[in-house]
There are 4 protein chains.
Amino acid sequence: MRLWEKGIPTDQKVLAFTTGDDPQLDMQLIEYDCRASMAHARMLERVGVLSRSEARAICDVLAEIIDRAREGTFTISLEEEDGHTAIENYLTKRLGDTGKKIHTARSRNDQVVTALRLFYREQLDGIETRLQELIQAFQSFSRQWGTIPLPGYTHTRKAMPTTITIWVGAHQAAMEDNRLWLHTVQTLLDQCPAGTGAGFGIPLKIDREFLARELGFSRIQENPLHVQNSRGKLEGDILHVLSNIQLDLNRLASDLIFFTLPELGYFELPDAFTTGSSIMPHKKNPDVLELIRGYAHRLLGLEQEVRSLTANLISGYHRDLQLTKSAVFQAFSIVGQSLEMATLVVQHLQVNETRCRQALTPELYATEAVYRLVEKGMPFREAYRQVAEQFRKGR
Amino acid sequence: MRLWEKGIPTDQKVLAFTTGDDPQLDMQLIEYDCRASMAHARMLERVGVLSRSEARAICDVLAEIIDRAREGTFTISLEEEDGHTAIENYLTKRLGDTGKKIHTARSRNDQVVTALRLFYREQLDGIETRLQELIQAFQSFSRQWGTIPLPGYTHTRKAMPTTITIWVGAHQAAMEDNRLWLHTVQTLLDQCPAGTGAGFGIPLKIDREFLARELGFSRIQENPLHVQNSRGKLEGDILHVLSNIQLDLNRLASDLIFFTLPELGYFELPDAFTTGSSIMPHKKNPDVLELIRGYAHRLLGLEQEVRSLTANLISGYHRDLQLTKSAVFQAFSIVGQSLEMATLVVQHLQVNETRCRQALTPELYATEAVYRLVEKGMPFREAYRQVAEQFRKGR
Amino acid sequence: MRLWEKGIPTDQKVLAFTTGDDPQLDMQLIEYDCRASMAHARMLERVGVLSRSEARAICDVLAEIIDRAREGTFTISLEEEDGHTAIENYLTKRLGDTGKKIHTARSRNDQVVTALRLFYREQLDGIETRLQELIQAFQSFSRQWGTIPLPGYTHTRKAMPTTITIWVGAHQAAMEDNRLWLHTVQTLLDQCPAGTGAGFGIPLKIDREFLARELGFSRIQENPLHVQNSRGKLEGDILHVLSNIQLDLNRLASDLIFFTLPELGYFELPDAFTTGSSIMPHKKNPDVLELIRGYAHRLLGLEQEVRSLTANLISGYHRDLQLTKSAVFQAFSIVGQSLEMATLVVQHLQVNETRCRQALTPELYATEAVYRLVEKGMPFREAYRQVAEQFRKGR
Amino acid sequence: MRLWEKGIPTDQKVLAFTTGDDPQLDMQLIEYDCRASMAHARMLERVGVLSRSEARAICDVLAEIIDRAREGTFTISLEEEDGHTAIENYLTKRLGDTGKKIHTARSRNDQVVTALRLFYREQLDGIETRLQELIQAFQSFSRQWGTIPLPGYTHTRKAMPTTITIWVGAHQAAMEDNRLWLHTVQTLLDQCPAGTGAGFGIPLKIDREFLARELGFSRIQENPLHVQNSRGKLEGDILHVLSNIQLDLNRLASDLIFFTLPELGYFELPDAFTTGSSIMPHKKNPDVLELIRGYAHRLLGLEQEVRSLTANLISGYHRDLQLTKSAVFQAFSIVGQSLEMATLVVQHLQVNETRCRQALTPELYATEAVYRLVEKGMPFREAYRQVAEQFRKGR
């Protein structure tokens, strides 16, 4: 909506502005929100707020909402603003007074954190699966081409001989480090926030441990204000890990753009991964790699946004936090796709052994020449100077 | 599309990945691309590549595309990847060989830069209009409430008496500074890039001055490589200006969130601009202001993304640059909406004169007390110490 | 040096530019570099490059350098550019040919990574100690003031009653989460890079496991290219953890600046932590808190710098990486100092119980009123509407 | 100082923390502060606060301070915290009661803004001079080598033939765009803030127009609160312009690192601008270019820091703003040095004409082949397809 068009009443403009892209984003959360609401209903039964039949009726309707959301027939209207309201409205429409009881003992504040946390955990599992697939592609690549020698570069200048195994192993090791970060974030996410209300608890006896168990968390996040203060920070942590992955993919892409330069020709990218030019009929451009590379900057920007968002604010929920959703959702999508594209590239990449071997020009063995003198007893620094002198003369 | 679903062939995945959200984004560019293509057709007629009737036929179909785009019946398919291809396809479908001639003497590289520049110029005009409306709202506010005294704050602590006029005038002056930046960006954008091809010119005699005049540019951007190297940099400049505006709105929002605190009560926000809580029936939350505030961080993140994107890359076009579109388009939308919401807020904001006057507690006049002593001849630093001593005792 | 002064020869300018602030920064690394060199000498003895007496002589001189560095009598000249060269020169000056052997089987590339890693590990231990002290201060604060009620805020608006215990507990829990991140970074740093040369190994038989043990690492970092590619990434991880801490301190500072507002007066900051004004004799400004708050943005900027620095570059060392030193060193100093200042503030902070209790105005109990109706059997949403209605009328 | 050492009293720690690196940074400001104070003294004489002889005495001592600062014998002690206090103390020590009058009608808040603005204006002039020198070096380079052909690259792939003139012209045009931004910032800085006190004016009749004229400003910055709110924003604008310059230098450096690759060899960097390796005697590394490249990220980090620093804060001075000094001072130094180094590089750079010509391989003429068919009447898209087909077969 172009808000400044004439004739739209103020209330409508305010609603459109505050709602933003929440209705679209929340479609991804419906399932998680319903699952959390089912656990919540069972907990309310347990503490006596709902009867057994009320809880069952609520759970049945929630299961129905999940089905409709998967089919694409569940919708969130602009007036509802978000998925939480849409779900409660649906329950109330279907169950009357029973539906009006679902929001007992919770606040939208802890409700959204709970749904998000379930969603994040599943998304991160998906990222780890994709990361494992890339690691496997690296391993296959190493098995197939590993023994071929390759010039190693420092300062974007040929330095010393290395091998495909070393090169691809470095990328694999980077991804393995990322798994450690993924696990740390998962540990932090593995604290159940449900039951903390708006950050100050709920003035009613509830069973938070039960909620945690039902939802698959190892423990509860004790302090209710900490739950709210974690918003933004946990999202920043997720974005740090995702940025790390995308930055490592950026380096892989940078290596491949460089090593597939026709002037070097160490690697070859199949045509399926290149794109033509609208005026230069001979071009084969590495667009896939360039986009993987470029997305690293999107990730850094998203991380930056989320991390400065909460700075200079006091404790407790602020509406500003709503904006973190879009950043994290976008990041999951980009990194998931980039990992998959990188895996496809590695699976199809060819090594040109002839060009690799030709590139191992004599000066790359200068360091070895130094060490042959060292083995004969010459102090390193002297051997270095002697070989350097030979190179200077030889040019 | 979830790329990792089984059964999708590699080509399709590559296409989906490289295309990204271009088809949606390009819908906003269709009109500008068509306008640039009309000028291009007339230029091709002028240099003899098209006959008069061919040029006229092309322009007619382009006008038709603009109409269809406005109606929402022009579409860009995934296979077409972007609006430029969709337009050329449409022309060719309608005009046969004549349509195939439209891409003579241009590259998609200068074509997209030209369309973007036309779009940016119009968007920035829209931003300036909205900025002017906000300035007018500030002026009305000053006329209505200006003489009411207000405590001035430094370090988030009451400091000295000031007035509504001074307070609102500071926000107005900030927006006027932003106009200077808007004009600088407009000056930089006012260079016609059409006719520079992929960054190395076109091996055919063309008339770039004619293109510039037709498209409303004061001059051509001479160096073809500079046109490509400007991509990302100009977007970064636009984002700097837009971020400056949003940061100034962030300060306005921060002031209002603070001054409408019930504990202070200097200002009052009408109910239409506040939101309730899902569990606290008494709450009136300033969500509109919080979102205006929060979006400043989105803007900083977008700016960051675009500015690091091109770093460490050599001259000339890279596919990474495609990602800048989404950042700038999003920023225009956010800042346009935020300016309008801020204008509405200022138009409806109330000042509580009683609370303002009550807040002018005696210690705010300490500096004046110092100056009364100075006027009697006491050196400033001594007068300062004497008044400070009185305050210390008086507590 | 102002490089553009006339008369300075090009070589000198290049040297000054490439050296930058390395000589100053490296003074902090001398001790760690010497320790790593001692282990290296013992390893060279073990593999037969150095005799026992040579290794001992080298270790003795290295110990001497450590002593001189602590006393402040060891210097790095501009010509030496960095600490590594200064140490080798000193060894050679003192031991002649024996000194020239120390650089056998290593490169400045793995040498600097090793010294940095030892330094980082010790610095992070120091940060954790300071973090523990802050946690203890939170605990004492809770013991002393914990039961006092406090209004809880959402949207910077009073929301529901809470307690000092909950408030301070949220800050404590945030710091405890930070410990998890500190440990993850320590795990990543606990890989010995020594013996990997310039990223492609050393053409000489060496004992990397021995080096790791001597230097207190649990394992070696196997892949030599991964060692170089980790530079920048590990620094980014350290900065993420340090930024997280500083952002949590930023929130603590924001809370305290707000809660010590004279208009609220829940907390009181002793005079030792406030600063006066140069013209307003009555002012007591929370400068310490404002600087803690402001430094969070320095941290975000440093993190940003380091993380985009390596983007778009191919694998292997680049001189750009030298710039990461200054960022990380600065961050350790800021976060260490800020933690200590925050601890002092918490230790001296007073709670004004009267003002806290006065602030618990009736509307904060609205949610409780709803729950009393719920307990009587009214569905939550209806109870909510009824209480909301009462508030609307009561105003 | 390591603040956490035992035995340091709290007051000392607070002082050390709040003072930070101000004493060092302020040494660069002494001269500008003294100049502003001279104008202030003359203004106070004009409005009758100082007698003619008092004003003259103050100006004489301020001139003396400038001389001592240049000689390096004027110092700022930790207790004085900043240069402003040091100057007032010096005046009072030398002139007694007369010295105590200098702070009449000003606050440290407008005093520091005035001194900074004078300093910034001069620094920006210096940057523009250096930028002009680089433009001249580009022009000489073009005159010397301009007609040599060079392969133009898109997507880091050879695309079409271009020339040295076009390549260097693109870098020159980028720098000329930067001059426009420099002028815009200078226009914004050309508003005299003196006489606005702490943001709420001075309760005494003063002559702001006189101050502006004396200090070389075209106009006064009218709104006193706007003066304080401009802090951080103007620094962000300066950093945007400086980052733009450094990003353009980053691209120049990236081009040169790539074009001097031995595998390409289009350009040659003299030995004075390369650095060796500690273990590879043959290496010639482009460290100067890598540091110029890397510093662009420092600039982006500094800009980021300053721009998020003031977000989410209310109007008026906050101590957080002190941190912007270090960012801007550092940026001026880096960009000034980088411009000079880039100028030296361009002045000494060699073009290898043979390698350039050899690189113009046949496929670079594909676009020309298309246009030869277009000239014969074939529609562009068909000509394109025909040439593309030839290339596909020819491989």
# chains A, B, ... in the order shown; residues from 1 in each chain; ligands from 1
$ residues_around --residues "Met341 (chain D)" --least-positions-apart "4" --cutoff "12 Å" --atoms "only C-alpha atoms" --output "PyMOL selection string"
(chain C and resi 2-4+10-18) or (chain D and resi 130-131+133-134+137+246+249+252-253+272-273+287-293+334-337+345-348)
$ residues_around --residues "His240 (chain D)" --least-positions-apart "2" --cutoff "10 Å" --atoms "only C-alpha atoms" --output "count of residues only"
22
$ closest_residue --among "B:Glu71, B:Asp177, B:Glu363, B:Glu88" --to "chain A" --atoms "only C-alpha atoms"
B:Glu88
$ select_by_dssp --residues "region 1-200 of chain B" --states "strand (DSSP E or B)" --output "JSON, numbers by chain"
{"B": [149, 150, 151, 152, 153, 154, 157, 158, 159, 160, 161, 162, 163, 191, 192]}
$ write_last_selection --atoms "C-alpha atoms" --output "mmCIF file, in the first residue's frame"
data_model
loop_
_atom_site.group_PDB
_atom_site.id
_atom_site.type_symbol
_atom_site.label_atom_id
_atom_site.label_comp_id
_atom_site.auth_asym_id
_atom_site.auth_seq_id
_atom_site.Cartn_x
_atom_site.Cartn_y
_atom_site.Cartn_z
ATOM 1 C CA PRO B 149 8.077 26.360 27.821
ATOM 2 C CA LEU B 150 9.691 22.934 27.996
ATOM 3 C CA PRO B 151 12.575 21.582 30.037
ATOM 4 C CA GLY B 152 15.664 21.087 27.877
ATOM 5 C CA TYR B 153 17.593 17.855 28.494
ATOM 6 C CA THR B 154 21.270 16.960 28.266
ATOM 7 C CA ARG B 157 18.688 14.919 32.576
ATOM 8 C CA LYS B 158 16.788 18.178 32.846
ATOM 9 C CA ALA B 159 19.228 20.975 32.062
ATOM 10 C CA MET B 160 17.787 24.414 31.246
ATOM 11 C CA PRO B 161 14.444 25.891 30.183
ATOM 12 C CA THR B 162 13.708 25.886 26.489
ATOM 13 C CA THR B 163 10.548 26.153 24.372
ATOM 14 C CA GLN B 191 24.090 11.947 -15.662
ATOM 15 C CA CYS B 192 22.709 9.835 -18.486
#
$ atom_distance --atom1 "CA of Tyr365 (chain B)" --atom2 "CA of Gln386 (chain B)"
14.1 Å
$ closest_atom_pairs --of "chain A" --to "chain D" --cutoff "6 Å" --atoms "only C-alpha atoms" --output "JSON lines"
{"residue": "A:Met280", "atom": "CA", "partner": "D:Thr367", "partner_atom": "CA", "distance": 5.2}
{"residue": "A:Pro281", "atom": "CA", "partner": "D:Ala388", "partner_atom": "CA", "distance": 4.5}
{"residue": "A:Asn312", "atom": "CA", "partner": "D:Asn312", "partner_atom": "CA", "distance": 5.9}
{"residue": "A:Thr367", "atom": "CA", "partner": "D:Met280", "partner_atom": "CA", "distance": 5.2}
{"residue": "A:Ala388", "atom": "CA", "partner": "D:Pro281", "partner_atom": "CA", "distance": 4.6}
$ residues_around --residues "Gly216 (chain D)" --least-positions-apart "5" --cutoff "9 Å" --atoms "only C-alpha atoms" --output "list in words"
Leu118, Asp190, Cys192 and Leu211 of chain D
$ residues_around --residues "region 20-29 of chain C" --least-positions-apart "4" --cutoff "10 Å" --atoms "only C-alpha atoms" --output "PDB file with N, CA, C and O atoms, in the first residue's frame"
ATOM      1  N   MET C   1      53.423  10.259  11.626  1.00  0.00           N
ATOM      2  CA  MET C   1      54.106  10.991  10.536  1.00  0.00           C
ATOM      3  C   MET C   1      53.072  11.483   9.534  1.00  0.00           C
ATOM      4  O   MET C   1      52.182  10.752   9.122  1.00  0.00           O
ATOM      5  N   VAL C  14      56.613   4.449   2.146  1.00  0.00           N
ATOM      6  CA  VAL C  14      56.043   3.113   2.014  1.00  0.00           C
ATOM      7  C   VAL C  14      56.226   2.348   3.324  1.00  0.00           C
ATOM      8  O   VAL C  14      55.295   1.710   3.831  1.00  0.00           O
ATOM      9  N   LEU C  15      57.418   2.449   3.898  1.00  0.00           N
ATOM     10  CA  LEU C  15      57.689   1.748   5.147  1.00  0.00           C
ATOM     11  C   LEU C  15      56.756   2.236   6.253  1.00  0.00           C
ATOM     12  O   LEU C  15      56.139   1.432   6.971  1.00  0.00           O
ATOM     13  N   ALA C  16      56.626   3.546   6.370  1.00  0.00           N
ATOM     14  CA  ALA C  16      55.765   4.093   7.421  1.00  0.00           C
ATOM     15  C   ALA C  16      54.317   3.659   7.217  1.00  0.00           C
ATOM     16  O   ALA C  16      53.608   3.332   8.166  1.00  0.00           O
ATOM     17  N   ASP C  33      55.062 -13.993  21.726  1.00  0.00           N
ATOM     18  CA  ASP C  33      55.918 -14.395  20.624  1.00  0.00           C
ATOM     19  C   ASP C  33      57.166 -15.098  21.163  1.00  0.00           C
ATOM     20  O   ASP C  33      57.616 -16.117  20.617  1.00  0.00           O
ATOM     21  N   CYS C  34      57.705 -14.582  22.252  1.00  0.00           N
ATOM     22  CA  CYS C  34      58.900 -15.211  22.848  1.00  0.00           C
ATOM     23  C   CYS C  34      58.562 -16.602  23.380  1.00  0.00           C
ATOM     24  O   CYS C  34      59.331 -17.547  23.201  1.00  0.00           O
ATOM     25  N   ARG C  35      57.415 -16.713  24.033  1.00  0.00           N
ATOM     26  CA  ARG C  35      57.024 -18.025  24.558  1.00  0.00           C
ATOM     27  C   ARG C  35      56.879 -19.032  23.415  1.00  0.00           C
ATOM     28  O   ARG C  35      57.339 -20.171  23.515  1.00  0.00           O
ATOM     29  N   ALA C  69      60.928  -6.512  27.932  1.00  0.00           N
ATOM     30  CA  ALA C  69      59.628  -6.003  27.463  1.00  0.00           C
ATOM     31  C   ALA C  69      58.779  -5.565  28.647  1.00  0.00           C
ATOM     32  O   ALA C  69      58.132  -4.511  28.615  1.00  0.00           O
ATOM     33  N   ARG C  70      58.824  -6.364  29.728  1.00  0.00           N
ATOM     34  CA  ARG C  70      58.046  -5.990  30.914  1.00  0.00           C
ATOM     35  C   ARG C  70      58.558  -4.708  31.546  1.00  0.00           C
ATOM     36  O   ARG C  70      57.788  -3.886  32.032  1.00  0.00           O
ATOM     37  N   GLY C  72      60.000  -2.429  29.935  1.00  0.00           N
ATOM     38  CA  GLY C  72      59.844  -1.325  28.982  1.00  0.00           C
ATOM     39  C   GLY C  72      61.136  -0.941  28.295  1.00  0.00           C
ATOM     40  O   GLY C  72      61.235   0.135  27.704  1.00  0.00           O
ATOM     41  N   PHE C  74      62.669  -3.003  25.966  1.00  0.00           N
ATOM     42  CA  PHE C  74      62.774  -3.644  24.646  1.00  0.00           C
ATOM     43  C   PHE C  74      61.989  -2.802  23.649  1.00  0.00           C
ATOM     44  O   PHE C  74      60.849  -2.426  23.926  1.00  0.00           O
ATOM     45  N   THR C  75      62.597  -2.481  22.530  1.00  0.00           N
ATOM     46  CA  THR C  75      61.907  -1.596  21.580  1.00  0.00           C
ATOM     47  C   THR C  75      61.869  -2.206  20.179  1.00  0.00           C
ATOM     48  O   THR C  75      62.700  -3.046  19.830  1.00  0.00           O
ATOM     49  N   ILE C  76      60.878  -1.767  19.420  1.00  0.00           N
ATOM     50  CA  ILE C  76      60.752  -2.180  18.022  1.00  0.00           C
ATOM     51  C   ILE C  76      60.958  -0.936  17.171  1.00  0.00           C
ATOM     52  O   ILE C  76      60.209   0.038  17.310  1.00  0.00           O
ATOM     53  N   SER C  77      61.959  -0.959  16.319  1.00  0.00           N
ATOM     54  CA  SER C  77      62.207   0.233  15.507  1.00  0.00           C
ATOM     55  C   SER C  77      61.315   0.210  14.267  1.00  0.00           C
ATOM     56  O   SER C  77      60.798  -0.834  13.869  1.00  0.00           O
ATOM     57  N   LEU C  78      61.146   1.379  13.652  1.00  0.00           N
ATOM     58  CA  LEU C  78      60.333   1.474  12.440  1.00  0.00           C
ATOM     59  C   LEU C  78      60.892   0.547  11.359  1.00  0.00           C
ATOM     60  O   LEU C  78      60.129  -0.113  10.642  1.00  0.00           O
ATOM     61  N   GLU C  79      62.219   0.474  11.264  1.00  0.00           N
ATOM     62  CA  GLU C  79      62.828  -0.356  10.215  1.00  0.00           C
ATOM     63  C   GLU C  79      62.494  -1.838  10.426  1.00  0.00           C
ATOM     64  O   GLU C  79      62.393  -2.608   9.474  1.00  0.00           O
ATOM     65  N   GLU C  80      62.370  -2.229  11.689  1.00  0.00           N
ATOM     66  CA  GLU C  80      62.054  -3.637  11.960  1.00  0.00           C
ATOM     67  C   GLU C  80      60.598  -3.959  11.646  1.00  0.00           C
ATOM     68  O   GLU C  80      60.237  -5.114  11.431  1.00  0.00           O
ATOM     69  N   GLU C  81      59.760  -2.931  11.636  1.00  0.00           N
ATOM     70  CA  GLU C  81      58.358  -3.055  11.247  1.00  0.00           C
ATOM     71  C   GLU C  81      57.477  -3.786  12.249  1.00  0.00           C
ATOM     72  O   GLU C  81      56.354  -3.409  12.498  1.00  0.00           O
ATOM     73  N   ASP C  82      57.969  -4.909  12.795  1.00  0.00           N
ATOM     74  CA  ASP C  82      57.115  -5.654  13.717  1.00  0.00           C
ATOM     75  C   ASP C  82      57.950  -6.343  14.783  1.00  0.00           C
ATOM     76  O   ASP C  82      59.180  -6.356  14.728  1.00  0.00           O
ATOM     77  N   GLY C  83      57.265  -6.895  15.771  1.00  0.00           N
ATOM     78  CA  GLY C  83      57.940  -7.522  16.891  1.00  0.00           C
ATOM     79  C   GLY C  83      58.714  -8.778  16.497  1.00  0.00           C
ATOM     80  O   GLY C  83      59.769  -9.085  17.079  1.00  0.00           O
ATOM     81  N   HIS C  84      58.207  -9.501  15.509  1.00  0.00           N
ATOM     82  CA  HIS C  84      58.847 -10.757  15.106  1.00  0.00           C
ATOM     83  C   HIS C  84      60.269 -10.496  14.602  1.00  0.00           C
ATOM     84  O   HIS C  84      61.217 -11.178  14.951  1.00  0.00           O
ATOM     85  N   ALA C  86      62.025  -7.789  15.256  1.00  0.00           N
ATOM     86  CA  ALA C  86      62.817  -7.233  16.352  1.00  0.00           C
ATOM     87  C   ALA C  86      63.401  -8.356  17.216  1.00  0.00           C
ATOM     88  O   ALA C  86      64.566  -8.306  17.632  1.00  0.00           O
ATOM     89  N   VAL C 112      52.925 -15.343  13.731  1.00  0.00           N
ATOM     90  CA  VAL C 112      52.047 -14.307  14.287  1.00  0.00           C
ATOM     91  C   VAL C 112      50.715 -14.915  14.747  1.00  0.00           C
ATOM     92  O   VAL C 112      50.177 -14.544  15.791  1.00  0.00           O
ATOM     93  N   ALA C 115      51.376 -16.494  18.185  1.00  0.00           N
ATOM     94  CA  ALA C 115      51.490 -15.498  19.263  1.00  0.00           C
ATOM     95  C   ALA C 115      50.128 -14.883  19.569  1.00  0.00           C
ATOM     96  O   ALA C 115      49.750 -14.710  20.729  1.00  0.00           O
ATOM     97  N   LEU C 116      49.381 -14.558  18.524  1.00  0.00           N
ATOM     98  CA  LEU C 116      48.060 -13.960  18.736  1.00  0.00           C
ATOM     99  C   LEU C 116      47.137 -14.902  19.493  1.00  0.00           C
ATOM    100  O   LEU C 116      46.409 -14.493  20.396  1.00  0.00           O
ATOM    101  N   LEU C 118      47.885 -17.271  21.602  1.00  0.00           N
ATOM    102  CA  LEU C 118      48.240 -17.317  23.024  1.00  0.00           C
ATOM    103  C   LEU C 118      47.730 -16.069  23.742  1.00  0.00           C
ATOM    104  O   LEU C 118      47.195 -16.142  24.846  1.00  0.00           O
ATOM    105  N   PHE C 119      47.910 -14.937  23.086  1.00  0.00           N
ATOM    106  CA  PHE C 119      47.457 -13.664  23.649  1.00  0.00           C
ATOM    107  C   PHE C 119      45.938 -13.633  23.810  1.00  0.00           C
ATOM    108  O   PHE C 119      45.415 -13.283  24.875  1.00  0.00           O
ATOM    109  N   GLN C 322      46.486  -7.653   8.630  1.00  0.00           N
ATOM    110  CA  GLN C 322      47.218  -6.951   9.676  1.00  0.00           C
ATOM    111  C   GLN C 322      46.301  -5.996  10.443  1.00  0.00           C
ATOM    112  O   GLN C 322      46.474  -5.771  11.640  1.00  0.00           O
ATOM    113  N   LEU C 323      45.317  -5.459   9.735  1.00  0.00           N
ATOM    114  CA  LEU C 323      44.444  -4.453  10.351  1.00  0.00           C
ATOM    115  C   LEU C 323      43.540  -5.024  11.441  1.00  0.00           C
ATOM    116  O   LEU C 323      42.994  -4.281  12.252  1.00  0.00           O
ATOM    117  N   LYS C 325      44.418  -6.716  13.964  1.00  0.00           N
ATOM    118  CA  LYS C 325      45.055  -6.639  15.280  1.00  0.00           C
ATOM    119  C   LYS C 325      44.511  -5.475  16.079  1.00  0.00           C
ATOM    120  O   LYS C 325      44.092  -5.630  17.228  1.00  0.00           O
ATOM    121  N   SER C 326      44.574  -4.315  15.479  1.00  0.00           N
ATOM    122  CA  SER C 326      44.174  -3.103  16.196  1.00  0.00           C
ATOM    123  C   SER C 326      42.732  -3.215  16.684  1.00  0.00           C
ATOM    124  O   SER C 326      42.401  -2.802  17.806  1.00  0.00           O
ATOM    125  N   PHE C 329      42.593  -5.807  19.733  1.00  0.00           N
ATOM    126  CA  PHE C 329      43.296  -5.295  20.918  1.00  0.00           C
ATOM    127  C   PHE C 329      42.443  -4.205  21.586  1.00  0.00           C
ATOM    128  O   PHE C 329      42.308  -4.153  22.805  1.00  0.00           O
ATOM    129  N   GLN C 330      41.911  -3.322  20.761  1.00  0.00           N
ATOM    130  CA  GLN C 330      41.092  -2.224  21.273  1.00  0.00           C
ATOM    131  C   GLN C 330      39.846  -2.764  21.987  1.00  0.00           C
ATOM    132  O   GLN C 330      39.455  -2.268  23.045  1.00  0.00           O
TER     133      GLN C 330
ATOM    134  N   LEU D 291      46.919  -2.882   1.920  1.00  0.00           N
ATOM    135  CA  LEU D 291      46.529  -2.062   3.072  1.00  0.00           C
ATOM    136  C   LEU D 291      45.559  -0.960   2.661  1.00  0.00           C
ATOM    137  O   LEU D 291      44.602  -0.664   3.381  1.00  0.00           O
ATOM    138  N   ILE D 334      43.869   8.138   7.982  1.00  0.00           N
ATOM    139  CA  ILE D 334      43.949   6.993   7.061  1.00  0.00           C
ATOM    140  C   ILE D 334      43.700   7.425   5.616  1.00  0.00           C
ATOM    141  O   ILE D 334      44.454   7.047   4.707  1.00  0.00           O
TER     142      ILE D 334
END
$ select_by_dssp --residues "region 243-307 of chain B" --states "alpha helix (DSSP H)" --output "ChimeraX atom specification"
/B:243-259,287-307
$ decode --residues "region 136-146 of chain D" --atoms "N, CA and C atoms" --output "mmCIF file, in the first residue's frame"
data_model
loop_
_atom_site.group_PDB
_atom_site.id
_atom_site.type_symbol
_atom_site.label_atom_id
_atom_site.label_comp_id
_atom_site.auth_asym_id
_atom_site.auth_seq_id
_atom_site.Cartn_x
_atom_site.Cartn_y
_atom_site.Cartn_z
ATOM 1 N N GLN D 136 45.610 14.500 -10.690
ATOM 2 C CA GLN D 136 46.713 14.878 -11.597
ATOM 3 C C GLN D 136 47.565 13.673 -11.977
ATOM 4 N N ALA D 137 47.797 12.798 -11.011
ATOM 5 C CA ALA D 137 48.586 11.596 -11.324
ATOM 6 C C ALA D 137 47.838 10.731 -12.342
ATOM 7 N N PHE D 138 46.511 10.644 -12.201
ATOM 8 C CA PHE D 138 45.723 9.887 -13.187
ATOM 9 C C PHE D 138 45.875 10.519 -14.573
ATOM 10 N N GLN D 139 45.832 11.844 -14.609
ATOM 11 C CA GLN D 139 45.940 12.526 -15.901
ATOM 12 C C GLN D 139 47.304 12.289 -16.547
ATOM 13 N N SER D 140 48.375 12.367 -15.756
ATOM 14 C CA SER D 140 49.719 12.096 -16.302
ATOM 15 C C SER D 140 49.808 10.673 -16.815
ATOM 16 N N PHE D 141 49.242 9.764 -16.040
ATOM 17 C CA PHE D 141 49.271 8.354 -16.424
ATOM 18 C C PHE D 141 48.574 8.177 -17.769
ATOM 19 N N SER D 142 47.447 8.848 -17.914
ATOM 20 C CA SER D 142 46.690 8.748 -19.163
ATOM 21 C C SER D 142 47.493 9.321 -20.320
ATOM 22 N N ARG D 143 48.149 10.466 -20.086
ATOM 23 C CA ARG D 143 48.964 11.049 -21.159
ATOM 24 C C ARG D 143 50.081 10.106 -21.567
ATOM 25 N N GLN D 144 50.692 9.433 -20.578
ATOM 26 C CA GLN D 144 51.853 8.594 -20.881
ATOM 27 C C GLN D 144 51.476 7.262 -21.532
ATOM 28 N N TRP D 145 50.391 6.632 -21.027
ATOM 29 C CA TRP D 145 50.094 5.260 -21.450
ATOM 30 C C TRP D 145 48.723 5.107 -22.121
ATOM 31 N N GLY D 146 47.993 6.195 -22.204
ATOM 32 C CA GLY D 146 46.562 6.125 -22.481
ATOM 33 C C GLY D 146 46.150 5.349 -23.729
#
